[in-house]
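Participant: My file is protein-v9.txt. It has compact mmCIF, C-alpha atoms:
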# COMPACT_ATOMS: atom_id res chain seq x y z
CA MET A 1 64.67 -12.26 26.16
CA PHE A 2 62.69 -9.53 27.85
CA GLU A 3 63.99 -9.83 31.39
CA LYS A 4 64.81 -6.17 31.59
CA HIS A 5 61.12 -5.34 31.24
CA ARG A 6 60.24 -7.48 34.22
CA ASN A 7 62.91 -5.85 36.33
CA SER A 8 61.97 -2.31 35.49
CA LYS A 9 60.03 -0.56 38.24
CA GLN A 10 58.71 2.01 35.80
CA GLU A 11 57.17 -0.58 33.53
CA PRO A 12 53.41 -0.06 33.17
CA ILE A 13 51.25 -2.73 34.72
CA VAL A 14 50.25 -5.16 32.01
CA PRO A 15 49.13 -8.76 31.99
CA GLN A 16 51.95 -11.25 32.50
CA THR A 17 51.30 -12.91 29.16
CA GLN A 18 51.84 -9.66 27.36
CA GLN A 19 55.37 -9.31 28.68
CA ASP A 20 56.27 -12.57 27.02
CA THR A 21 55.57 -11.25 23.58
CA PHE A 22 57.60 -8.97 21.37
CA VAL A 23 54.81 -6.47 20.82
CA THR A 24 53.31 -4.17 23.37
CA PRO A 25 49.78 -2.88 22.92
CA VAL A 26 49.34 0.70 23.98
CA ASN A 27 46.47 3.10 23.93
CA THR A 28 46.70 5.80 21.31
CA ALA A 29 44.48 8.68 20.40
CA ALA A 30 44.48 7.76 16.73
CA GLY A 31 42.77 4.97 14.88
CA SER A 32 40.84 2.38 16.80
CA GLY A 33 42.49 3.26 20.09
CA ARG A 34 44.89 0.33 20.31
CA SER A 35 48.33 0.03 18.82
CA ALA A 36 51.00 -2.61 18.88
CA ILE A 37 54.66 -1.66 18.89
CA ILE A 38 57.57 -3.56 17.42
CA GLY A 39 60.51 -2.20 19.34
CA PRO A 40 63.83 -1.08 17.89
CA GLY A 41 65.65 -4.23 19.03
CA ILE A 42 63.22 -6.60 17.34
CA HIS A 43 63.61 -8.25 13.94
CA ILE A 44 60.59 -10.01 12.46
CA ASN A 45 60.78 -12.20 9.41
CA GLY A 46 57.33 -13.21 8.19
CA GLU A 47 53.80 -11.94 7.75
CA ILE A 48 52.04 -9.58 10.11
CA SER A 49 48.28 -9.12 10.07
CA GLY A 50 45.85 -8.14 12.78
CA ASP A 51 43.10 -5.94 14.08
CA GLU A 52 44.82 -2.94 15.56
CA ASN A 53 47.25 -0.21 14.67
CA LEU A 54 50.94 -0.98 14.46
CA LEU A 55 54.07 1.05 15.12
CA VAL A 56 57.29 -0.43 13.77
CA GLU A 57 60.51 0.80 15.36
CA GLY A 58 62.44 -2.39 14.61
CA LYS A 59 63.07 -4.46 11.48
CA VAL A 60 60.45 -6.33 9.50
CA ASP A 61 61.09 -8.54 6.48
CA GLY A 62 58.08 -10.07 4.79
CA LYS A 63 54.60 -8.60 4.64
CA ILE A 64 52.38 -6.31 6.73
CA SER A 65 48.61 -6.44 6.18
CA LEU A 66 46.42 -4.33 8.46
CA ASP A 67 43.75 -3.33 5.99
CA LEU A 68 41.50 -1.42 8.38
CA HIS A 69 44.15 0.14 10.56
CA GLN A 70 47.12 2.44 10.66
CA VAL A 71 50.70 1.35 10.21
CA GLU A 72 53.43 3.71 11.27
CA ILE A 73 57.09 3.08 10.52
CA GLY A 74 59.04 5.01 13.12
CA GLN A 75 62.37 6.71 12.56
CA THR A 76 64.29 3.62 13.62
CA GLY A 77 62.01 1.32 11.66
CA ARG A 78 63.54 -0.67 8.77
CA VAL A 79 60.97 -2.51 6.70
CA ASN A 80 61.65 -4.73 3.73
CA ALA A 81 58.08 -5.75 3.05
CA ASN A 82 54.91 -4.95 1.18
CA ILE A 83 52.54 -2.97 3.38
CA THR A 84 48.75 -2.76 3.15
CA ALA A 85 46.81 -0.60 5.60
CA LYS A 86 44.21 2.12 5.80
CA VAL A 87 46.68 4.85 6.70
CA ILE A 88 50.43 4.40 6.41
CA LYS A 89 52.89 6.86 7.95
CA ILE A 90 56.58 6.41 7.25
CA ALA A 91 59.39 8.09 9.14
CA GLY A 92 61.94 5.30 8.70
CA GLU A 93 63.07 3.15 5.77
CA VAL A 94 60.80 1.03 3.62
CA ARG A 95 61.71 -1.18 0.68
CA GLY A 96 58.55 -2.63 -0.81
CA ASP A 97 55.18 -1.84 -2.32
CA ILE A 98 52.74 0.17 -0.25
CA THR A 99 48.96 0.23 -0.52
CA GLY A 100 47.09 2.77 1.57
CA THR A 101 43.34 2.46 1.21
CA GLU A 102 42.92 5.95 2.62
CA LYS A 103 46.23 7.76 2.74
CA VAL A 104 50.00 7.38 2.65
CA ILE A 105 52.26 9.90 4.36
CA ILE A 106 56.03 9.96 4.00
CA LEU A 107 57.48 12.14 6.74
CA ARG A 108 60.62 14.22 6.33
CA SER A 109 62.88 11.51 7.75
CA GLY A 110 61.25 8.82 5.58
CA ASN A 111 63.14 6.91 2.91
CA VAL A 112 60.97 4.79 0.62
CA HIS A 113 61.90 2.67 -2.38
CA GLY A 114 58.87 1.02 -3.94
CA ASN A 115 55.52 1.57 -5.55
CA ILE A 116 52.71 3.30 -3.73
CA VAL A 117 48.98 3.02 -4.39
CA ALA A 118 46.77 5.43 -2.49
CA PRO A 119 43.94 7.85 -3.20
CA ARG A 120 45.80 10.51 -1.24
CA MET A 121 49.50 10.92 -0.80
CA THR A 122 51.55 13.36 1.25
CA LEU A 123 55.29 13.72 0.90
CA GLU A 124 56.99 15.95 3.43
CA ASP A 125 59.90 18.17 2.55
CA GLY A 126 63.14 16.23 2.90
CA ALA A 127 61.61 12.80 2.40
CA ILE A 128 63.39 10.48 -0.04
CA PHE A 129 61.33 8.46 -2.46
CA LYS A 130 62.11 6.38 -5.51
CA GLY A 131 59.37 4.48 -7.29
CA SER A 132 55.89 5.16 -8.53
CA ILE A 133 52.79 6.64 -6.97
CA ASP A 134 49.34 5.66 -8.19
CA MET A 135 46.98 8.44 -7.30
CA ASP A 136 43.29 8.78 -7.92
CA PRO A 137 41.62 11.60 -6.01
CA GLY A 138 38.19 10.28 -6.90
CA GLU A 139 38.24 6.81 -5.44
CA THR A 140 39.49 4.69 -2.57
CA VAL A 141 41.72 1.71 -3.09
CA ASN A 142 40.14 -1.73 -2.94
CA THR A 143 42.12 -4.49 -1.34
CA LYS A 144 41.58 -8.22 -1.58
CA SER A 145 40.71 -8.57 2.08
CA ALA A 146 36.99 -8.46 2.83
CA GLY A 147 37.37 -7.93 6.55
CA PRO A 148 39.80 -7.53 9.40
CA ALA A 149 42.37 -10.23 9.71
CA LYS A 150 42.50 -11.77 13.15
CA LYS A 151 45.88 -13.37 13.22
CA VAL A 152 49.44 -12.25 13.58
CA GLN A 153 52.08 -14.62 12.29
CA GLU A 154 55.78 -14.28 12.56
CA LYS A 155 58.39 -16.82 11.69
CA VAL A 156 61.62 -15.66 13.20
CA ILE A 157 61.87 -13.29 16.09
CA GLU A 158 65.18 -12.11 17.26
CA LYS A 159 66.75 -9.34 19.21
CA ALA A 160 69.33 -7.46 17.22
CA ASP A 161 72.16 -8.50 19.54
CA GLU A 162 71.09 -12.10 19.91
CA SER A 163 71.15 -15.14 17.71
CA PRO A 164 67.83 -15.98 16.00
CA LYS A 165 65.32 -17.35 18.45
CA VAL A 166 61.97 -18.94 17.83
CA VAL A 167 59.07 -18.00 20.05
CA THR A 168 56.44 -20.69 19.97
CA SER A 169 53.42 -18.94 21.34
CA GLY A 170 52.18 -16.03 23.38
CA LYS A 171 49.10 -14.00 24.14
CA LEU A 172 48.87 -10.28 23.70
CA ASN A 173 45.72 -9.73 25.70
CA ASP A 174 42.51 -11.45 26.65
CA SER A 175 40.77 -11.01 23.32
CA LYS A 176 43.55 -11.63 20.82
CA SER A 177 45.68 -14.68 20.36
CA TYR A 178 49.03 -14.36 18.61
CA SER A 179 50.25 -17.51 16.97
CA LEU A 180 53.96 -17.45 16.40
CA ASN A 181 55.21 -20.18 14.12
CA GLY A 182 58.84 -21.10 14.08
CA GLY A 183 60.66 -20.88 10.80
CA MET B 1 70.01 38.49 -43.65
CA SER B 2 70.71 41.24 -41.17
CA PHE B 3 66.97 41.87 -40.92
CA PHE B 4 66.46 38.37 -39.63
CA HIS B 5 69.32 38.72 -37.19
CA ASP B 6 68.00 42.04 -35.90
CA HIS B 7 64.47 40.73 -35.78
CA GLU B 8 65.59 37.60 -33.95
CA ALA B 9 67.61 39.66 -31.53
CA ARG B 10 64.64 41.94 -30.80
CA ILE B 11 62.42 38.91 -30.14
CA SER B 12 65.02 37.33 -27.89
CA GLN B 13 65.46 40.56 -25.92
CA LYS B 14 61.71 40.86 -25.56
CA LYS B 15 61.36 37.29 -24.34
CA ILE B 16 64.24 37.73 -21.93
CA GLY B 17 62.64 40.90 -20.59
CA GLU B 18 59.31 39.15 -20.13
CA LEU B 19 60.85 36.18 -18.41
CA ASN B 20 63.10 38.31 -16.21
CA SER B 21 59.98 39.84 -14.77
CA MET B 22 58.58 36.37 -14.12
CA VAL B 23 61.45 34.92 -12.11
CA THR B 24 60.94 35.64 -8.45
CA GLY B 25 63.35 35.39 -5.57
CA THR B 26 66.98 36.36 -5.47
CA PRO B 27 68.96 35.37 -8.55
CA GLY B 28 71.81 33.12 -7.55
CA ALA B 29 70.36 32.46 -4.14
CA GLU B 30 70.46 28.73 -4.78
CA LEU B 31 74.25 28.83 -4.91
CA THR B 32 74.64 30.30 -1.46
CA PRO B 33 75.30 27.71 1.26
CA GLY B 34 72.73 27.72 4.01
CA VAL B 35 70.01 29.31 1.96
CA PRO B 36 66.64 27.71 2.73
CA ALA B 37 65.77 25.01 0.24
CA MET B 38 62.63 26.71 -1.04
CA SER B 39 64.19 29.88 -2.37
CA ARG B 40 62.84 30.56 -5.85
CA THR B 41 60.02 30.04 -8.25
CA GLN B 42 60.09 30.38 -12.00
CA GLN B 43 57.19 30.93 -14.31
CA THR B 44 56.83 28.76 -17.37
CA LEU B 45 54.90 29.53 -20.49
CA LEU B 46 55.34 26.13 -22.11
CA PHE B 47 54.39 23.68 -19.39
CA PRO B 48 50.74 24.86 -19.21
CA THR B 49 50.30 23.76 -22.81
CA LEU B 50 51.08 20.22 -21.69
CA VAL B 51 48.77 20.39 -18.71
CA ARG B 52 45.89 21.51 -20.89
CA ARG B 53 46.24 18.25 -22.81
CA PHE B 54 45.77 16.10 -19.72
CA LYS B 55 42.60 14.09 -20.12
CA GLN B 56 40.48 13.45 -17.06
CA ASP B 57 39.02 10.22 -18.45
CA ARG B 58 42.26 8.25 -18.48
CA ARG B 59 45.12 7.66 -16.12
CA LEU B 60 48.14 9.77 -16.86
CA SER B 61 51.57 8.16 -16.68
CA VAL B 62 54.32 10.60 -15.76
CA LEU B 63 58.07 10.13 -15.47
CA GLU B 64 59.83 12.61 -13.20
CA ILE B 65 63.53 12.06 -13.72
CA GLY B 66 64.48 13.94 -10.59
CA PRO B 67 63.75 13.50 -6.89
CA ALA B 68 60.27 13.44 -5.44
CA LEU B 69 59.38 16.89 -4.15
CA PRO B 70 56.25 17.65 -2.11
CA GLU B 71 54.94 20.28 -4.49
CA THR B 72 55.22 17.94 -7.49
CA VAL B 73 53.33 15.19 -5.68
CA ALA B 74 50.71 17.70 -4.57
CA PHE B 75 50.34 19.06 -8.10
CA PHE B 76 49.76 15.67 -9.69
CA SER B 77 47.48 14.51 -6.88
CA GLN B 78 44.68 16.44 -8.59
CA PHE B 79 44.88 14.06 -11.55
CA ARG B 80 44.31 10.37 -12.00
CA CYS B 81 47.88 9.45 -12.58
CA ARG B 82 50.82 7.19 -11.98
CA LEU B 83 53.81 9.26 -11.10
CA HIS B 84 57.23 7.64 -11.42
CA PHE B 85 60.19 9.18 -9.63
CA ALA B 86 63.43 7.89 -11.12
CA ALA B 87 65.76 9.98 -8.88
CA MET B 88 68.41 9.82 -11.60
CA TYR B 89 70.43 12.80 -10.37
CA THR B 90 71.77 10.58 -7.62
CA ASP B 91 72.17 7.55 -9.86
CA PRO B 92 75.67 6.10 -10.29
CA VAL B 93 75.31 6.53 -14.05
CA LEU B 94 76.56 10.09 -13.62
CA GLN B 95 79.85 8.65 -12.36
CA LEU B 96 79.84 5.54 -14.56
CA GLN B 97 79.72 7.58 -17.74
CA THR B 98 83.25 8.87 -17.15
CA GLY B 99 84.64 5.32 -16.96
CA GLU B 100 85.35 2.63 -19.48
CA HIS B 101 81.77 1.44 -19.75
CA THR B 102 80.33 0.94 -23.20
CA GLU B 103 77.11 2.55 -24.36
CA ASP B 104 75.32 -0.80 -24.08
CA GLU B 105 76.53 -1.29 -20.53
CA LEU B 106 75.33 2.17 -19.56
CA ALA B 107 71.97 1.54 -21.21
CA GLU B 108 71.64 -1.71 -19.27
CA HIS B 109 72.51 0.02 -16.03
CA ILE B 110 70.00 2.81 -16.63
CA SER B 111 67.31 0.32 -17.58
CA GLN B 112 67.88 -1.62 -14.36
CA SER B 113 67.91 1.58 -12.35
CA PHE B 114 64.56 2.59 -13.85
CA GLY B 115 62.93 -0.66 -12.77
CA PHE B 116 59.76 0.12 -14.72
CA ARG B 117 57.16 -2.52 -15.34
CA LYS B 118 57.21 -3.91 -18.87
CA GLU B 119 53.82 -2.48 -19.72
CA THR B 120 54.74 1.04 -18.62
CA ARG B 121 54.27 3.71 -21.29
CA PHE B 122 54.79 7.30 -20.28
CA ASP B 123 52.53 10.10 -21.45
CA LEU B 124 54.79 12.77 -20.06
CA CYS B 125 58.51 12.84 -19.21
CA LEU B 126 59.96 15.59 -17.04
CA PHE B 127 63.68 15.74 -17.75
CA TRP B 128 64.38 19.20 -16.32
CA ASP B 129 68.15 19.77 -16.84
CA PHE B 130 69.17 16.11 -16.38
CA LEU B 131 70.07 15.62 -20.03
CA ASN B 132 72.85 18.17 -19.61
CA TYR B 133 74.53 15.98 -17.01
CA LEU B 134 74.98 13.17 -19.51
CA ASP B 135 77.81 13.11 -22.02
CA ASP B 136 77.14 12.01 -25.59
CA LYS B 137 77.60 8.30 -24.89
CA ALA B 138 75.50 8.35 -21.75
CA LEU B 139 72.75 10.36 -23.44
CA ARG B 140 72.52 7.82 -26.26
CA ALA B 141 72.38 5.07 -23.65
CA PHE B 142 69.65 6.95 -21.79
CA ASN B 143 67.72 7.23 -25.03
CA THR B 144 68.05 3.49 -25.60
CA ALA B 145 66.93 2.65 -22.07
CA LEU B 146 63.93 4.97 -22.11
CA ARG B 147 62.66 4.30 -25.60
CA PRO B 148 60.72 1.08 -24.81
CA TYR B 149 58.61 3.01 -22.33
CA LEU B 150 57.45 5.70 -24.75
CA HIS B 151 54.50 5.78 -27.09
CA GLN B 152 53.79 7.85 -30.19
CA SER B 153 52.20 10.69 -28.23
CA THR B 154 54.63 10.87 -25.34
CA ARG B 155 55.53 14.47 -24.56
CA ALA B 156 58.56 15.69 -22.67
CA HIS B 157 59.76 18.82 -20.98
CA ALA B 158 63.42 19.74 -20.57
CA PHE B 159 65.96 22.51 -20.28
CA THR B 160 68.77 22.73 -22.76
CA VAL B 161 71.11 25.55 -23.79
CA ARG B 162 71.47 27.99 -26.64
CA THR B 163 75.24 28.22 -26.24
CA LEU B 164 77.59 25.72 -24.65
CA ASN B 165 79.00 28.18 -22.10
CA THR B 166 75.66 28.37 -20.32
CA ARG B 167 75.94 27.35 -16.67
CA PHE B 168 73.58 24.97 -14.93
CA PRO B 169 73.32 25.75 -11.22
CA ASN B 170 73.13 22.77 -8.89
CA GLN B 171 69.39 22.94 -8.43
CA GLN B 172 66.30 20.78 -8.52
CA TYR B 173 62.84 21.47 -9.80
CA GLY B 174 59.28 20.93 -8.71
CA ILE B 175 55.87 21.97 -9.96
CA GLU B 176 54.09 24.53 -7.82
CA GLN B 177 51.37 25.21 -10.36
CA ALA B 178 50.94 24.56 -14.05
CA HIS B 179 52.61 27.87 -14.86
CA MET B 180 55.13 27.91 -12.03
CA PHE B 181 58.10 25.72 -11.13
CA SER B 182 59.85 25.70 -7.80
CA ILE B 183 63.64 25.81 -7.83
CA ARG B 184 65.61 24.50 -4.87
CA PRO B 185 69.33 24.13 -4.34
CA ARG B 186 70.44 20.54 -4.58
CA SER B 187 72.46 19.19 -1.68
CA GLY B 188 75.82 17.61 -2.34
CA LYS B 189 78.48 18.26 -4.91
CA GLN B 190 77.28 19.06 -8.40
CA ALA B 191 77.99 16.42 -11.01
CA HIS B 192 79.97 17.32 -14.12
CA THR B 193 77.76 18.96 -16.72
CA SER B 194 77.83 18.31 -20.47
CA PRO B 195 75.44 20.84 -21.97
CA HIS B 196 73.93 20.06 -25.35
CA THR B 197 72.57 22.52 -27.86
CA GLN B 198 69.25 21.75 -29.51
CA ALA B 199 70.85 20.40 -32.66
CA ILE B 200 73.11 18.02 -30.75
CA LEU B 201 70.38 17.03 -28.35
CA VAL B 202 67.95 15.85 -31.02
CA ASN B 203 70.70 13.74 -32.57
CA LEU B 204 71.59 12.04 -29.31
CA LEU B 205 68.08 11.80 -27.90
CA SER B 206 66.67 10.39 -31.10
CA SER B 207 63.40 9.23 -29.52
CA PHE B 208 62.22 12.82 -29.34
CA ASP B 209 61.74 15.79 -31.61
CA ILE B 210 61.68 19.33 -30.28
CA ASP B 211 58.34 21.09 -30.77
CA GLN B 212 58.77 24.39 -29.00
CA GLY B 213 61.54 26.29 -27.30
CA MET B 214 61.62 29.31 -25.04
CA LEU B 215 64.77 31.24 -24.23
CA LEU B 216 65.20 31.88 -20.52
CA PRO B 217 67.04 34.84 -18.97
CA ASP B 218 70.05 32.77 -17.90
CA GLY B 219 70.66 31.36 -21.37
CA ARG B 220 68.86 28.08 -20.87
CA LEU B 221 66.18 26.98 -23.29
CA GLU B 222 62.95 25.52 -22.00
CA ILE B 223 61.80 22.98 -24.57
CA LEU B 224 58.83 20.74 -25.23
CA MET B 225 59.35 17.52 -27.14
CA THR B 226 57.22 14.81 -28.71
CA ALA B 227 58.24 11.20 -29.10
CA CYS B 228 59.59 10.24 -32.49
CA LEU B 229 59.41 6.47 -32.77
CA GLN B 230 59.47 5.70 -36.48
CA GLU B 231 62.11 3.00 -36.06
CA GLN B 232 60.11 1.32 -33.33
CA ALA B 233 57.00 1.41 -35.51
CA ALA B 234 59.04 -0.29 -38.24
CA GLY B 235 59.81 -3.12 -35.87
CA THR B 236 63.42 -2.42 -34.94
CA ASN B 237 62.51 -1.92 -31.30
CA THR B 238 60.06 -4.33 -29.83
CA GLY B 239 59.84 -3.06 -26.28
CA PRO B 240 61.49 -3.64 -22.96
CA LYS B 241 63.51 -6.79 -22.49
Represent the structure from my file as structure tokens, please.
Facilitator:
Amino acid sequence: MFEKHRNSKQEPIVPQTQQDTFVTPVNTAAGSGRSAIIGPGIHINGEISGDENLLVEGKVDGKISLDLHQVEIGQTGRVNANITAKVIKIAGEVRGDITGTEKVIILRSGNVHGNIVAPRMTLEDGAIFKGSIDMDPGETVNTKSAGPAKKVQEKVIEKADESPKVVTSGKLNDSKSYSLNGG
Amino acid sequence: MSFFHDHEARISQKKIGELNSMVTGTPGAELTPGVPAMSRTQQTLLFPTLVRRFKQDRRLSVLEIGPALPETVAFFSQFRCRLHFAAMYTDPVLQLQTGEHTEDELAEHISQSFGFRKETRFDLCLFWDFLNYLDDKALRAFNTALRPYLHQSTRAHAFTVRTLNTRFPNQQYGIEQAHMFSIRPRSGKQAHTSPHTQAILVNLLSSFDIDQGMLLPDGRLEILMTACLQEQAAGTNTGPK
């Protein structure tokens, strides 16, 4: 599924186990310093939770819960899911309810259809939004989660040009285990 | 009789003069292709009276019938509020109204397009000039669809016309400040307009009464309305389905 990554000479040196997964952790200046990427050719159907930032450039159907971290939906990202995170930045398309415990930002290329709850909200010029925004400048949003979730679960993982394929397991790095359940 | 006409004319001219001095930017700039989106602002004397009624101790529920604009979001971010953007200018109802659809079918379509929660009750509705894009049948349907989400104190802001030959430029509105709206050209082809005078409007949009009106330089009327829900209070309308 990811043979082309193995064959690329310019590929950064990462643990072998990481190359077997659909997400690639990278260092970023923002947030906690680590970020996982769902590439543009990836389609995830299920629930995503975890303990690092996430950049979505592919498709996600289901639910994204990263209560203490940042979720960014890139320009090629297509998300049909409810999203909960500390900071949520959207440059792609989102259909679903969004809860940002700190802030939600819809960038100019963003297209959002759903309800947003956030103490602070920024909408850039050119962004498309239909739905409601719950704003309260005096308080932060409480979520049900009491602490960071440790697990990432996905049911169906597929490349856009391939038939659905189930990945049974894989490790992202030494400290985090990603359990991928077939569905 | 002529005294009243002259007096009325003098007042209208005075108001027009005052408001002419308040509109900034180049008149008609929004009609020129390629003009930057943020081209004009327009002062409003009526909207601040609504803002002064906002209460800090309760969450405000606002319906913006148009698209979400950054300045509107920024303006309401200073309040505890739930801001609903219905984006109705791009809704298919503007095309459906010219077809064979019945008033009930249009009302059902609008209600589904709204997608509001059952318990939603708006304190403030921002119609801008949207009501003038609906023909009589569609406006009655809009009234039917919106009515369940109003309460006795719901207020509304809109633009209507004094005479039916008044033109509505293809533009969209935002709120820069309580006393100042932003006016931007709307992209895409303008939908067919069906302007309504005050008298017609209150008949078709029966959920509201007009409280105040202000004549604008281009012939539009800026109006404030309050919900008028006697029938609902009598039990003929029990809320959203």
Participant: Could you list, as a ChimeraX atom specification, every residue within 8 Å of A:Phe129, counting all atoms listed in the file and ignoring same-chain residues fewer than 6 positions away?
Facilitator: /A:111-114 /B:67-68,85,87
Participant: For chain A, work out the contacting residues on chain B at 7 Å, counting only C-alpha atoms, and write them as a PyMOL selection string.
Facilitator: chain B and resi 68-70+77-87
Participant: Using Å and a single decimal, report how far atom CA of A:Val94 sits from atom CA of B:Arg58.
Facilitator: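 Taking atom CA of B:Arg58 and atom CA of A:Val94, their separation equals 29.7 Å.
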Participant: Please compute the atom CA of A:Ile90-atom CA of A:Glu57 distance, one decimal, in Å.
Facilitator: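 Atom-to-atom, atom CA of A:Ile90 and atom CA of A:Glu57 are spaced 10.6 Å apart.
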Participant: Go through B:Ala158, B:Leu224, B:Ala191, B:Ala138 one by one, measure the shortest atom-to-atom distance of each to B:Gln97 using only C-alpha atoms, and give the residue with the smallest value.
Facilitator: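 Looking only at the distances to B:Gln97, the closest residue turns out to be B:Ala138.
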Participant: Would you mind listing what lies within 10 Å of B:Thr163 as a list in words, with only C-alpha atoms counted and same-chain residues fewer than 5 positions away left out?
Facilitator: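 The filter keeps Pro195, His196, Thr197, Gln198, Gly219, Arg220 and Leu221 of chain B.
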Participant: Just the number, please: distance in Å from atom CA of A:Pro40 to atom CA of A:Val56, one decimal.
Facilitator: 7.8 Å
